[in-house]
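Text of the file protein_13.cif, holding mmCIF, C-alpha atoms:
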```
data_data
#
loop_
_atom_site.label_atom_id
_atom_site.label_comp_id
_atom_site.auth_asym_id
_atom_site.auth_seq_id
_atom_site.Cartn_x
_atom_site.Cartn_y
_atom_site.Cartn_z
CA MET A 192 0.00 0.00 0.00
CA ASN A 193 1.08 3.58 -0.52
CA GLY A 194 1.24 4.19 3.21
CA PRO A 195 3.20 6.56 5.42
CA HIS A 196 5.88 3.91 5.91
CA ASP A 197 7.10 4.13 2.30
CA LEU A 198 9.54 6.94 2.98
CA GLY A 199 12.31 6.63 0.40
CA GLY A 200 12.88 9.98 -1.30
CA GLN A 201 10.35 11.95 0.72
CA MET A 202 11.47 15.35 1.94
CA GLY A 203 10.93 17.70 4.84
CA PHE A 204 11.87 15.57 7.84
CA GLY A 205 14.97 17.59 8.61
CA PRO A 206 18.40 16.37 9.64
CA VAL A 207 19.08 12.90 11.04
CA ALA A 208 18.95 13.22 14.81
CA ALA A 209 21.72 10.88 15.88
CA GLU A 210 22.15 10.70 19.63
CA LYS A 211 25.59 10.30 21.17
CA ASP A 212 25.88 7.20 23.38
CA GLU A 213 22.24 6.39 22.73
CA PRO A 214 20.75 4.02 25.32
CA TYR A 215 19.02 0.87 24.09
CA PHE A 216 15.73 2.13 25.54
CA HIS A 217 14.51 5.64 26.30
CA ALA A 218 11.77 4.61 28.74
CA GLU A 219 10.77 1.54 30.71
CA TRP A 220 7.69 1.07 28.53
CA GLU A 221 9.89 0.65 25.45
CA LYS A 222 11.43 -2.44 27.06
CA ARG A 223 7.99 -3.87 27.67
CA ALA A 224 6.89 -2.94 24.14
CA LEU A 225 9.80 -4.92 22.67
CA GLY A 226 9.12 -7.93 24.87
CA LEU A 227 5.37 -7.83 24.32
CA THR A 228 5.77 -7.63 20.55
CA LEU A 229 8.07 -10.65 20.50
CA SER A 230 6.00 -12.59 23.04
CA CYS A 231 2.78 -12.04 21.11
CA GLY A 232 4.51 -12.87 17.84
CA ALA A 233 5.31 -16.24 19.40
CA PHE A 234 1.56 -17.02 19.52
CA GLY A 235 1.92 -18.04 15.87
CA ALA A 236 -1.34 -16.28 15.01
CA TRP A 237 0.10 -13.86 12.47
CA THR A 238 3.16 -13.60 10.25
CA ILE A 239 5.84 -10.91 10.21
CA ASP A 240 4.29 -9.73 6.94
CA GLU A 241 0.87 -9.28 8.51
CA SER A 242 2.46 -7.36 11.39
CA ARG A 243 4.31 -5.09 8.97
CA HIS A 244 1.06 -4.38 7.16
CA ALA A 245 -0.65 -3.55 10.45
CA ARG A 246 2.05 -0.94 11.09
CA GLU A 247 1.68 0.49 7.58
CA ASN A 248 -2.05 0.89 8.17
CA ILE A 249 -1.59 3.34 11.03
CA PRO A 250 -3.01 6.66 9.77
CA PRO A 251 -0.21 8.79 8.30
CA ALA A 252 -0.40 11.63 10.83
CA ASP A 253 -0.14 9.12 13.69
CA TYR A 254 2.59 7.07 12.03
CA LEU A 255 4.80 10.04 11.31
CA SER A 256 4.49 11.51 14.79
CA ALA A 257 4.92 8.24 16.69
CA SER A 258 8.12 6.72 18.01
CA TYR A 259 8.89 3.32 16.52
CA TYR A 260 7.92 1.42 19.67
CA GLU A 261 4.61 3.31 19.67
CA ILE A 262 4.10 2.17 16.08
CA TRP A 263 4.71 -1.39 17.26
CA ILE A 264 2.21 -1.10 20.11
CA ARG A 265 -0.51 0.47 17.96
CA ALA A 266 -0.13 -2.34 15.44
CA LEU A 267 0.06 -4.99 18.15
CA GLU A 268 -3.30 -3.89 19.58
CA VAL A 269 -4.84 -4.25 16.11
CA LEU A 270 -3.36 -7.73 15.64
CA LEU A 271 -4.41 -8.91 19.12
CA ASP A 272 -7.97 -7.72 18.48
CA ARG A 273 -8.13 -9.16 14.96
CA HIS A 274 -7.05 -12.60 16.18
CA GLY A 275 -9.26 -12.71 19.26
CA PHE A 276 -6.70 -12.25 22.04
CA THR A 277 -7.64 -8.83 23.47
CA THR A 278 -9.97 -5.94 22.71
CA ALA A 279 -9.28 -2.21 22.79
CA ALA A 280 -11.90 -1.96 25.53
CA GLU A 281 -9.94 -4.35 27.73
CA ILE A 282 -6.78 -2.32 27.30
CA ASP A 283 -8.71 0.90 28.01
CA VAL A 284 -9.91 -0.67 31.28
CA GLY A 285 -6.65 -2.47 31.98
CA HIS A 286 -8.18 -5.83 32.85
CA LYS A 287 -9.40 -9.05 31.27
CA GLN A 288 -13.04 -8.97 30.13
CA MET A 289 -13.34 -11.82 27.65
CA ILE A 290 -11.93 -15.28 26.99
CA ALA A 291 -9.00 -15.19 24.61
CA ALA A 292 -8.29 -17.34 21.59
CA VAL A 293 -5.81 -20.14 22.22
CA PRO A 294 -2.32 -19.41 20.87
CA LYS A 295 -0.15 -22.07 19.28
CA ARG A 296 2.53 -21.38 21.89
CA ILE A 297 3.25 -19.18 24.87
CA LEU A 298 6.77 -17.85 25.24
CA LYS A 299 8.17 -18.66 28.66
CA ALA A 300 11.34 -17.16 30.09
CA ASP A 301 13.33 -20.36 29.75
CA MET A 302 12.54 -20.51 26.02
CA VAL A 303 13.77 -17.00 25.19
CA ALA A 304 17.45 -17.73 24.52
CA SER A 305 16.74 -20.59 22.13
CA VAL A 306 13.90 -18.76 20.35
CA LEU A 307 16.09 -15.70 19.73
CA ALA A 308 19.02 -17.86 18.60
CA ARG A 309 16.81 -19.81 16.19
CA GLY A 310 14.91 -16.89 14.65
CA GLY A 311 12.51 -17.55 11.81
CA ALA A 312 14.08 -18.33 8.49
CA CYS A 313 11.84 -17.45 5.55
CA ASP A 314 13.69 -19.01 2.65
CA ARG A 315 11.64 -21.75 1.01
CA PRO A 316 12.40 -24.03 -1.92
CA VAL A 317 10.66 -23.45 -5.25
CA GLU A 318 10.51 -25.85 -8.17
CA ALA A 319 10.75 -23.32 -10.97
CA ALA A 320 14.15 -22.10 -12.09
CA ALA A 321 15.00 -18.46 -11.50
CA ARG A 322 13.61 -16.40 -14.39
CA PHE A 323 16.34 -13.76 -14.36
CA ALA A 324 20.12 -14.10 -14.39
CA VAL A 325 22.91 -12.03 -12.91
CA GLY A 326 23.73 -9.15 -15.24
CA GLU A 327 20.30 -9.08 -16.86
CA LYS A 328 18.49 -5.77 -17.27
CA VAL A 329 15.00 -5.69 -15.79
CA ARG A 330 12.23 -3.17 -15.24
CA THR A 331 10.30 -3.03 -12.00
CA LYS A 332 6.56 -3.06 -12.36
CA ASN A 333 4.34 -0.07 -11.84
CA PHE A 334 1.54 -1.00 -9.48
CA ASN A 335 -0.22 0.57 -6.52
CA PRO A 336 -1.94 -2.16 -4.52
CA GLU A 337 -3.96 -1.25 -1.44
CA THR A 338 -2.52 -4.42 0.06
CA HIS A 339 0.99 -5.13 1.40
CA THR A 340 3.98 -4.92 -0.90
CA ARG A 341 7.72 -4.60 -0.45
CA LEU A 342 8.38 -2.76 -3.71
CA PRO A 343 8.96 0.85 -2.63
CA ARG A 344 7.29 3.59 -4.65
CA TYR A 345 10.60 5.19 -5.62
CA ALA A 346 11.70 1.94 -7.26
CA ARG A 347 8.59 1.27 -9.37
CA ALA A 348 8.81 1.38 -13.18
CA ARG A 349 12.62 1.74 -13.05
CA ILE A 350 15.25 -0.04 -15.10
CA GLY A 351 17.97 -1.80 -13.15
CA VAL A 352 20.39 -4.69 -13.35
CA VAL A 353 20.14 -8.00 -11.53
CA GLU A 354 23.24 -8.15 -9.38
CA ALA A 355 22.52 -11.32 -7.40
CA VAL A 356 20.03 -14.14 -7.24
CA GLN A 357 19.52 -14.37 -3.50
CA GLY A 358 17.39 -17.49 -3.22
CA SER A 359 13.68 -18.11 -2.90
CA PHE A 360 11.66 -16.62 -0.08
CA VAL A 361 8.11 -16.33 1.28
CA PHE A 362 6.21 -13.77 -0.81
CA PRO A 363 5.05 -11.05 1.60
CA ASP A 364 2.41 -9.56 -0.69
CA ASP A 365 0.41 -12.80 -0.32
CA ASN A 366 1.57 -13.94 3.10
CA ALA A 367 0.52 -10.70 4.79
CA HIS A 368 -3.07 -11.42 3.82
CA GLY A 369 -3.36 -15.10 4.71
CA LYS A 370 -2.98 -16.22 1.10
CA GLY A 371 -0.10 -18.58 1.80
CA GLU A 372 3.66 -18.31 1.59
CA ASN A 373 3.85 -18.77 -2.21
CA PRO A 374 7.65 -18.45 -2.30
CA GLN A 375 9.39 -16.73 -5.19
CA TRP A 376 12.94 -16.01 -6.27
CA VAL A 377 14.40 -12.82 -4.82
CA TYR A 378 16.94 -10.71 -6.70
CA THR A 379 19.16 -7.83 -5.69
CA VAL A 380 18.46 -5.24 -8.38
CA VAL A 381 20.73 -2.21 -8.60
CA PHE A 382 19.69 1.12 -10.09
CA ASP A 383 21.75 4.09 -11.14
CA GLY A 384 20.82 7.06 -8.95
CA ARG A 385 19.91 9.06 -12.08
CA GLU A 386 17.42 6.38 -13.18
CA ILE A 387 15.55 6.84 -9.91
CA TRP A 388 15.96 10.52 -9.14
CA GLY A 389 16.56 12.02 -12.58
CA VAL A 390 17.93 15.51 -13.04
CA GLY A 391 20.23 16.57 -10.23
CA ALA A 392 20.86 13.07 -8.89
CA ASP A 393 24.22 12.31 -7.33
CA PRO A 394 26.16 10.75 -10.26
CA SER A 395 28.18 8.58 -7.87
CA LEU A 396 25.05 6.97 -6.36
CA THR A 397 23.65 3.51 -6.95
CA VAL A 398 20.74 2.09 -4.94
CA SER A 399 19.69 -1.53 -4.71
CA ILE A 400 16.54 -3.22 -3.54
CA ASP A 401 15.77 -6.88 -2.97
CA ALA A 402 12.89 -7.66 -5.33
CA TRP A 403 10.64 -10.69 -5.58
CA GLU A 404 10.42 -12.14 -9.08
CA SER A 405 6.87 -10.96 -9.71
CA TYR A 406 7.99 -7.35 -9.16
CA LEU A 407 10.17 -7.59 -12.27
CA GLU A 408 9.70 -7.64 -16.03
CA PRO A 409 12.30 -8.57 -18.64
CA LEU A 410 13.49 -5.82 -20.96
CA MET B 291 -17.53 9.13 11.94
CA HIS B 292 -15.52 11.44 14.14
CA ASP B 293 -17.78 10.69 17.08
CA ASP B 294 -16.82 7.03 16.96
CA PRO B 295 -14.47 6.44 19.90
CA ASP B 296 -12.89 3.49 18.12
CA HIS B 297 -12.00 5.50 15.06
CA HIS B 298 -8.24 5.87 14.99
CA HIS B 299 -7.50 9.45 14.07
CA HIS B 300 -4.61 11.63 15.06
CA HIS B 301 -6.32 12.98 18.15
CA ASP B 302 -6.52 9.45 19.55
CA ASN B 303 -5.61 10.09 23.16
CA ARG B 304 -5.41 6.40 24.09
CA PHE B 305 -1.75 6.59 23.13
CA SER B 306 -0.95 9.85 24.87
CA ASP B 307 0.51 8.03 27.89
CA MET B 308 2.50 5.11 26.52
CA GLN B 309 3.71 3.99 29.94
CA ALA B 310 0.12 3.46 31.07
CA ARG B 311 -1.05 2.02 27.76
CA VAL B 312 1.70 -0.61 27.62
CA LYS B 313 1.28 -1.45 31.29
CA ALA B 314 -2.43 -2.06 30.70
CA LEU B 315 -1.68 -4.25 27.71
CA GLU B 316 0.84 -6.33 29.67
CA THR B 317 -1.64 -6.67 32.57
CA VAL B 318 -4.46 -7.91 30.34
CA LEU B 319 -2.21 -10.40 28.55
CA THR B 320 -0.79 -11.64 31.85
CA GLU B 321 -4.27 -12.06 33.38
CA LYS B 322 -5.18 -14.20 30.38
CA GLY B 323 -2.08 -16.34 30.78
CA LEU B 324 -0.93 -15.42 27.28
CA ILE B 325 2.43 -13.99 28.21
CA ASP B 326 5.13 -14.59 30.79
CA PRO B 327 6.42 -11.25 32.14
CA ALA B 328 9.69 -12.99 32.99
CA ALA B 329 10.10 -13.78 29.29
CA ILE B 330 9.92 -10.05 28.57
CA ASP B 331 12.63 -9.47 31.16
CA ALA B 332 14.75 -12.15 29.49
CA ILE B 333 14.29 -10.61 26.03
CA VAL B 334 15.29 -7.18 27.29
CA GLU B 335 18.30 -8.57 29.12
CA ALA B 336 19.46 -10.44 26.03
CA TYR B 337 19.44 -7.27 23.91
CA GLU B 338 20.94 -5.13 26.66
CA THR B 339 23.80 -7.45 27.53
CA GLN B 340 24.46 -10.06 24.82
CA ILE B 341 23.13 -9.20 21.38
CA GLY B 342 24.75 -5.96 20.30
CA PRO B 343 27.32 -4.34 17.99
CA ARG B 344 30.26 -6.08 19.69
CA ASN B 345 29.08 -9.18 17.83
CA GLY B 346 29.40 -7.42 14.50
CA ALA B 347 32.74 -5.89 15.43
CA HIS B 348 34.02 -9.40 16.12
CA VAL B 349 32.91 -10.44 12.62
CA VAL B 350 34.65 -7.45 11.05
CA ALA B 351 37.87 -7.97 13.00
CA ARG B 352 37.95 -11.62 11.99
CA ALA B 353 37.41 -10.65 8.34
CA TRP B 354 40.32 -8.20 8.55
CA SER B 355 42.57 -10.78 10.20
CA ASP B 356 41.71 -13.89 8.23
CA PRO B 357 41.40 -13.67 4.41
CA ALA B 358 39.75 -17.10 4.25
CA PHE B 359 37.06 -15.91 6.67
CA ALA B 360 36.58 -12.76 4.58
CA GLU B 361 36.04 -14.91 1.48
CA TRP B 362 33.54 -17.05 3.40
CA LEU B 363 31.71 -13.88 4.47
CA LYS B 364 31.49 -12.80 0.83
CA SER B 365 30.14 -16.13 -0.36
CA ASP B 366 27.98 -17.22 2.61
CA ALA B 367 27.74 -14.57 5.30
CA THR B 368 25.03 -16.40 7.25
CA ALA B 369 27.23 -19.46 7.76
CA ALA B 370 30.44 -17.50 8.35
CA ILE B 371 28.76 -15.35 11.00
CA ALA B 372 27.10 -18.39 12.58
CA SER B 373 30.55 -19.97 12.98
CA LEU B 374 31.30 -17.18 15.50
CA GLY B 375 28.08 -17.96 17.38
CA TYR B 376 25.83 -15.19 16.04
CA THR B 377 22.57 -16.54 14.69
CA GLY B 378 18.86 -16.08 14.91
CA ARG B 379 16.25 -13.40 14.95
CA GLN B 380 16.73 -10.75 12.25
CA GLY B 381 19.99 -12.36 11.21
CA GLU B 382 18.60 -15.46 9.52
CA HIS B 383 19.73 -14.37 6.04
CA MET B 384 22.90 -12.30 6.27
CA ARG B 385 24.87 -10.55 3.54
CA ALA B 386 28.18 -8.82 4.13
CA VAL B 387 29.07 -5.87 1.89
CA PHE B 388 32.68 -4.73 1.78
CA ASN B 389 33.78 -1.12 1.54
CA THR B 390 36.61 -0.64 -0.91
CA HIS B 391 38.92 2.11 -2.00
CA THR B 392 36.34 3.09 -4.62
CA THR B 393 32.94 2.26 -3.06
CA HIS B 394 31.30 3.10 0.25
CA ASN B 395 28.27 1.08 1.34
CA LEU B 396 25.30 2.40 3.31
CA VAL B 397 22.38 0.33 4.64
CA VAL B 398 18.81 1.51 5.15
CA CYS B 399 15.29 0.13 5.36
CA THR B 400 13.04 2.72 3.74
CA LEU B 401 9.86 0.68 4.38
CA CYS B 402 10.25 -0.17 8.08
CA SER B 403 13.25 -0.83 10.30
CA CYS B 404 14.93 -3.99 8.98
CA TYR B 405 18.32 -4.30 10.66
CA PRO B 406 20.74 -7.16 11.40
CA TRP B 407 19.84 -7.74 15.05
CA SER B 408 22.04 -10.82 15.49
CA VAL B 409 25.21 -8.82 14.85
CA LEU B 410 24.23 -5.22 15.71
CA GLY B 411 21.47 -5.65 18.31
CA LEU B 412 18.51 -3.29 18.36
CA PRO B 413 18.58 -0.42 15.88
CA PRO B 414 19.10 3.14 17.11
CA VAL B 415 16.15 5.52 17.01
CA TRP B 416 17.55 7.50 14.09
CA TYR B 417 17.74 4.38 11.91
CA LYS B 418 13.97 3.85 12.34
CA ALA B 419 12.99 7.51 11.99
CA PRO B 420 11.67 9.25 8.85
CA ALA B 421 14.66 11.59 8.33
CA TYR B 422 17.14 8.75 7.76
CA ARG B 423 14.74 6.41 5.96
CA SER B 424 13.63 9.12 3.53
CA ARG B 425 17.02 10.64 2.74
CA ALA B 426 19.49 7.75 2.76
CA VAL B 427 18.41 6.70 -0.75
CA ILE B 428 18.25 10.16 -2.35
CA ASP B 429 20.85 12.22 -0.46
CA PRO B 430 23.31 9.83 1.15
CA ARG B 431 26.16 12.34 1.06
CA GLY B 432 24.03 14.85 2.93
CA VAL B 433 23.16 12.20 5.52
CA LEU B 434 26.79 11.14 5.91
CA ALA B 435 27.86 14.77 6.37
CA GLU B 436 25.47 14.99 9.32
CA PHE B 437 27.36 12.06 10.84
CA GLY B 438 30.60 13.96 10.27
CA LEU B 439 31.67 11.77 7.36
CA THR B 440 32.65 13.52 4.14
CA LEU B 441 33.65 11.13 1.38
CA PRO B 442 35.82 12.13 -1.58
CA ALA B 443 33.68 13.18 -4.56
CA GLU B 444 35.07 10.37 -6.69
CA LYS B 445 34.09 7.67 -4.19
CA LYS B 446 31.00 5.80 -5.30
CA ILE B 447 28.14 5.38 -2.85
CA ARG B 448 26.11 2.20 -2.87
CA VAL B 449 22.91 2.24 -0.81
CA TRP B 450 21.33 -1.09 0.13
CA ASP B 451 17.60 -0.79 0.84
CA SER B 452 16.66 -3.82 2.95
CA THR B 453 13.32 -4.49 1.27
CA ALA B 454 13.30 -8.29 1.72
CA GLU B 455 14.55 -10.61 4.46
CA LEU B 456 18.25 -10.20 3.70
CA ARG B 457 20.08 -8.29 6.41
CA TYR B 458 23.20 -6.34 5.52
CA LEU B 459 26.41 -5.85 7.48
CA VAL B 460 28.92 -3.33 6.15
CA ILE B 461 32.55 -4.46 6.45
CA PRO B 462 34.50 -1.21 6.68
CA GLU B 463 37.97 -0.80 5.24
CA ARG B 464 40.74 -1.76 7.62
CA PRO B 465 42.47 1.41 8.83
CA GLU B 466 46.13 1.92 8.04
CA GLY B 467 48.68 1.32 10.76
CA THR B 468 46.84 -1.62 12.28
CA GLU B 469 49.15 -4.42 11.11
CA GLY B 470 50.30 -5.42 14.57
CA LEU B 471 46.92 -5.31 16.29
CA SER B 472 45.16 -8.35 17.74
CA GLU B 473 41.67 -9.30 16.65
CA GLN B 474 40.33 -7.91 19.89
CA GLN B 475 42.15 -4.61 19.39
CA LEU B 476 40.85 -4.42 15.82
CA ALA B 477 37.27 -4.98 17.01
CA GLY B 478 37.69 -1.93 19.23
CA LEU B 479 38.06 0.22 16.09
CA VAL B 480 34.67 -0.83 14.69
CA SER B 481 31.64 1.15 15.77
CA ARG B 482 28.02 0.27 15.18
CA ASP B 483 27.73 3.14 12.72
CA ALA B 484 30.72 1.85 10.74
CA MET B 485 28.78 -1.38 10.18
CA ILE B 486 25.69 0.54 8.99
CA GLY B 487 27.84 2.76 6.79
CA THR B 488 27.30 6.10 8.50
CA ALA B 489 30.90 6.02 9.74
CA VAL B 490 34.22 4.44 8.85
CA ALA B 491 36.47 2.43 11.15
CA SER B 492 38.49 4.47 13.61
CA ALA B 493 42.22 4.98 13.30
CA PRO B 494 44.28 3.29 16.01
CA GLY B 495 44.52 5.54 19.03
CA ALA B 496 41.18 7.22 18.30
CA ALA B 497 38.05 6.05 20.08
CA ALA B 498 35.74 3.87 17.97
#
```

Go through the file and emit its structure as structure tokens.
Amino acid sequence: MNGPHDLGGQMGFGPVAAEKDEPYFHAEWEKRALGLTLSCGAFGAWTIDESRHARENIPPADYLSASYYEIWIRALEVLLDRHGFTTAAEIDVGHKQMIAAVPKRILKADMVASVLARGGACDRPVEAAARFAVGEKVRTKNFNPETHTRLPRYARARIGVVEAVQGSFVFPDDNAHGKGENPQWVYTVVFDGREIWGVGADPSLTVSIDAWESYLEPL
Amino acid sequence: MHDDPDHHHHHDNRFSDMQARVKALETVLTEKGLIDPAAIDAIVEAYETQIGPRNGAHVVARAWSDPAFAEWLKSDATAAIASLGYTGRQGEHMRAVFNTHTTHNLVVCTLCSCYPWSVLGLPPVWYKAPAYRSRAVIDPRGVLAEFGLTLPAEKKIRVWDSTAELRYLVIPERPEGTEGLSEQQLAGLVSRDAMIGTAVASAPGAAA
């Protein structure tokens, strides 16, 4: 979707505010927000793609004025409600009011180290051969779905070169919406800065994205 | 529509006090037996004490010290990094990109906050914020200047937008005058920002 998250090339946000000796957390609630997000992700009720889409769906004015942990919490409340675990009313009150859905698993303290060390690989085998080869010129598609996609707006309808075939991975555009993993080949596609930004672009700049096969057309 | 209390608009005051909102959420989930508050403590402790940029600096120092390891990093970064014990969440599919005399690499996630947690830990606030995400792909030299890094005009800049599940680690150039240093001393020259690409490795004697 063309949401507030798709920030590449937008202007007006001012300088990067790097903080010297930045702490890992700026408030106690940020620690809980991290842990809650990971603990609820362990339920197995939604995918990382669905959670990304929930964040993208935060209204633009909210998204752009929120800290990133606030973005996580706003999206987490939506996901918990959608999948029957909590309601906004319960969180407003601060106590349980209804029976929750049953998660596939509950993350206990003694599981944390192994869960973090294992992660969640999302490469999947596909039977078809990769359609594009290293060195091949491709054009990214021009589309504007209301649903989840990982093709940024700035990189749509641009000509680039396949630099690497990275393997086959879960296709987020489908997986975010419960349509299955439908893995596809993923390619690193590199663009000249002038192809993306046109007149005035830094001539020494190249930008790459990692693109699923269905984002690309042969030239 | 604007009278609907459930309608999320930008005057939504349910999120005006995040401390209270998150506390309420944790309480409800705990009452339902869905979460273990001690697991949250364990997650926080892991990212505060174990999973951070020292991991990545170890990888870089090894690559500088051991050409065979550097080649392994180029061909299969996930396995090479796993051999040092760094695996897992947001590091499942690693790629290492090497700065050279002619090219400087810079990593961003314009769409969210993708970042190689297994080797760098949790991303800093600026990495997740709109200013960096919007400008890194269109004005990287301007961004680098704000970090105090001015590259020669002839140096090429390659920006890697982490749009899929690959996570990128920049391997900075090894500073001159470091021939006699141990791996541990070399790691001390490698800052988090040098592995994102918003800095270069420090010269010996300067703080990383």

Ground truth for the PyMOL selection byres ((chain A and resi 319-332) around 9), written as a PyMOL selection string
chain A and resi 317-318+333-334+342+346-356+358-359+375-378+380+402+404-410

Env of region 277-288 of chain A: 6 Å cut, atoms = only C-alpha atoms, seq-sep filter 5 positions within chain, self excluded. Answer as a short mmCIF file (atom, residue, chain, number, x, y, z; two decimals) with C-alpha atoms, in the coordinates of the input.
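Contents of the output file part-v1.cif:
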```cif
data_model
loop_
_atom_site.label_atom_id
_atom_site.label_comp_id
_atom_site.auth_asym_id
_atom_site.auth_seq_id
_atom_site.Cartn_x
_atom_site.Cartn_y
_atom_site.Cartn_z
CA LEU A 271 -4.41 -8.91 19.12
CA ASP A 272 -7.97 -7.72 18.48
CA ALA B 314 -2.43 -2.06 30.70
CA LEU B 315 -1.68 -4.25 27.71
CA VAL B 318 -4.46 -7.91 30.34
#
```

Can you turn the PyMOL selection byres ((chain B and resi 374) around 12) into a concrete residue list for this file, as JSON, numbers by chain?
{"B": [344, 345, 346, 347, 348, 349, 350, 351, 352, 353, 359, 363, 367, 368, 369, 370, 371, 372, 373, 375, 376, 377, 408, 409]}

Got a sec to check which residues sit within 6 Å of (16.9, -1.9, 1.7), counting only C-alpha atoms, and write them as a ChimeraX atom specification?
/A:400 /B:398-399,450-453

Please identify every residue of region 326-429 of chain B that has at least one atom no farther than 12 Å from an atom of region 226-241 of chain A, counting all atoms listed in the file, and for each give the shortest atom pair and the distance in Å to one decimal, arranged by chain then increasing number, as a Markdown table.
```
| residue | atom | partner | partner_atom | distance |
| --- | --- | --- | --- | --- |
| B:Asp326 | CA | A:Ser230 | CA | 8.1 |
| B:Pro327 | CA | A:Gly226 | CA | 8.4 |
| B:Ala328 | CA | A:Gly226 | CA | 9.6 |
| B:Ala329 | CA | A:Gly226 | CA | 7.4 |
| B:Ile330 | CA | A:Gly226 | CA | 4.3 |
| B:Asp331 | CA | A:Gly226 | CA | 7.4 |
| B:Ala332 | CA | A:Gly226 | CA | 8.4 |
| B:Ile333 | CA | A:Gly226 | CA | 5.9 |
| B:Val334 | CA | A:Gly226 | CA | 6.7 |
| B:Glu335 | CA | A:Gly226 | CA | 10.1 |
| B:Ala336 | CA | A:Gly226 | CA | 10.7 |
| B:Tyr337 | CA | A:Gly226 | CA | 10.4 |
| B:Arg379 | CA | A:Leu229 | CA | 10.3 |
| B:Gln380 | CA | A:Ile239 | CA | 11.1 |
| B:Cys402 | CA | A:Asp240 | CA | 11.3 |
| B:Cys404 | CA | A:Ile239 | CA | 11.5 |
```

Picked residues, the PyMOL selection byres ((chain B and resi 411) around 7), as a PDB file with C-alpha atoms, in the frame of the given file:
```pdb
ATOM      1  CA  TYR B 337      19.440  -7.270  23.910  1.00  0.00           C
ATOM      2  CA  ILE B 341      23.130  -9.200  21.380  1.00  0.00           C
ATOM      3  CA  GLY B 342      24.750  -5.960  20.300  1.00  0.00           C
ATOM      4  CA  PRO B 343      27.320  -4.340  17.990  1.00  0.00           C
ATOM      5  CA  TRP B 407      19.840  -7.740  15.050  1.00  0.00           C
ATOM      6  CA  SER B 408      22.040 -10.820  15.490  1.00  0.00           C
ATOM      7  CA  VAL B 409      25.210  -8.820  14.850  1.00  0.00           C
ATOM      8  CA  LEU B 410      24.230  -5.220  15.710  1.00  0.00           C
ATOM      9  CA  LEU B 412      18.510  -3.290  18.360  1.00  0.00           C
ATOM     10  CA  PRO B 413      18.580  -0.420  15.880  1.00  0.00           C
TER      11      PRO B 413
END
```

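The coordinates place CA of Pro394 (chain A) at 11.8 Å from CA of Pro430 (chain B).
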
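If you measure from each of B:Ser481, B:Thr488, B:Ser403, B:Ser355 to His196 (chain A) using all atoms listed in the file, the closest one turns out to be B:Ser403.
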
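You will find CA of Ala454 (chain B) at 8.7 Å from CA of Phe360 (chain A).
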
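Counting from CA of Thr379 (chain A), the distance to CA of Arg385 (chain B) is 11.2 Å.
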
Return the single residue from A:Leu198, A:Ala367, A:Ile387, A:Val293 that is closest to chain B, with distances computed using only C-alpha atoms.
A:Leu198

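Among the candidates B:Ala386, B:Leu439, B:Ala360, B:Ala310, the residue lying nearest to chain A is B:Ala310 (atoms considered: all atoms listed in the file).
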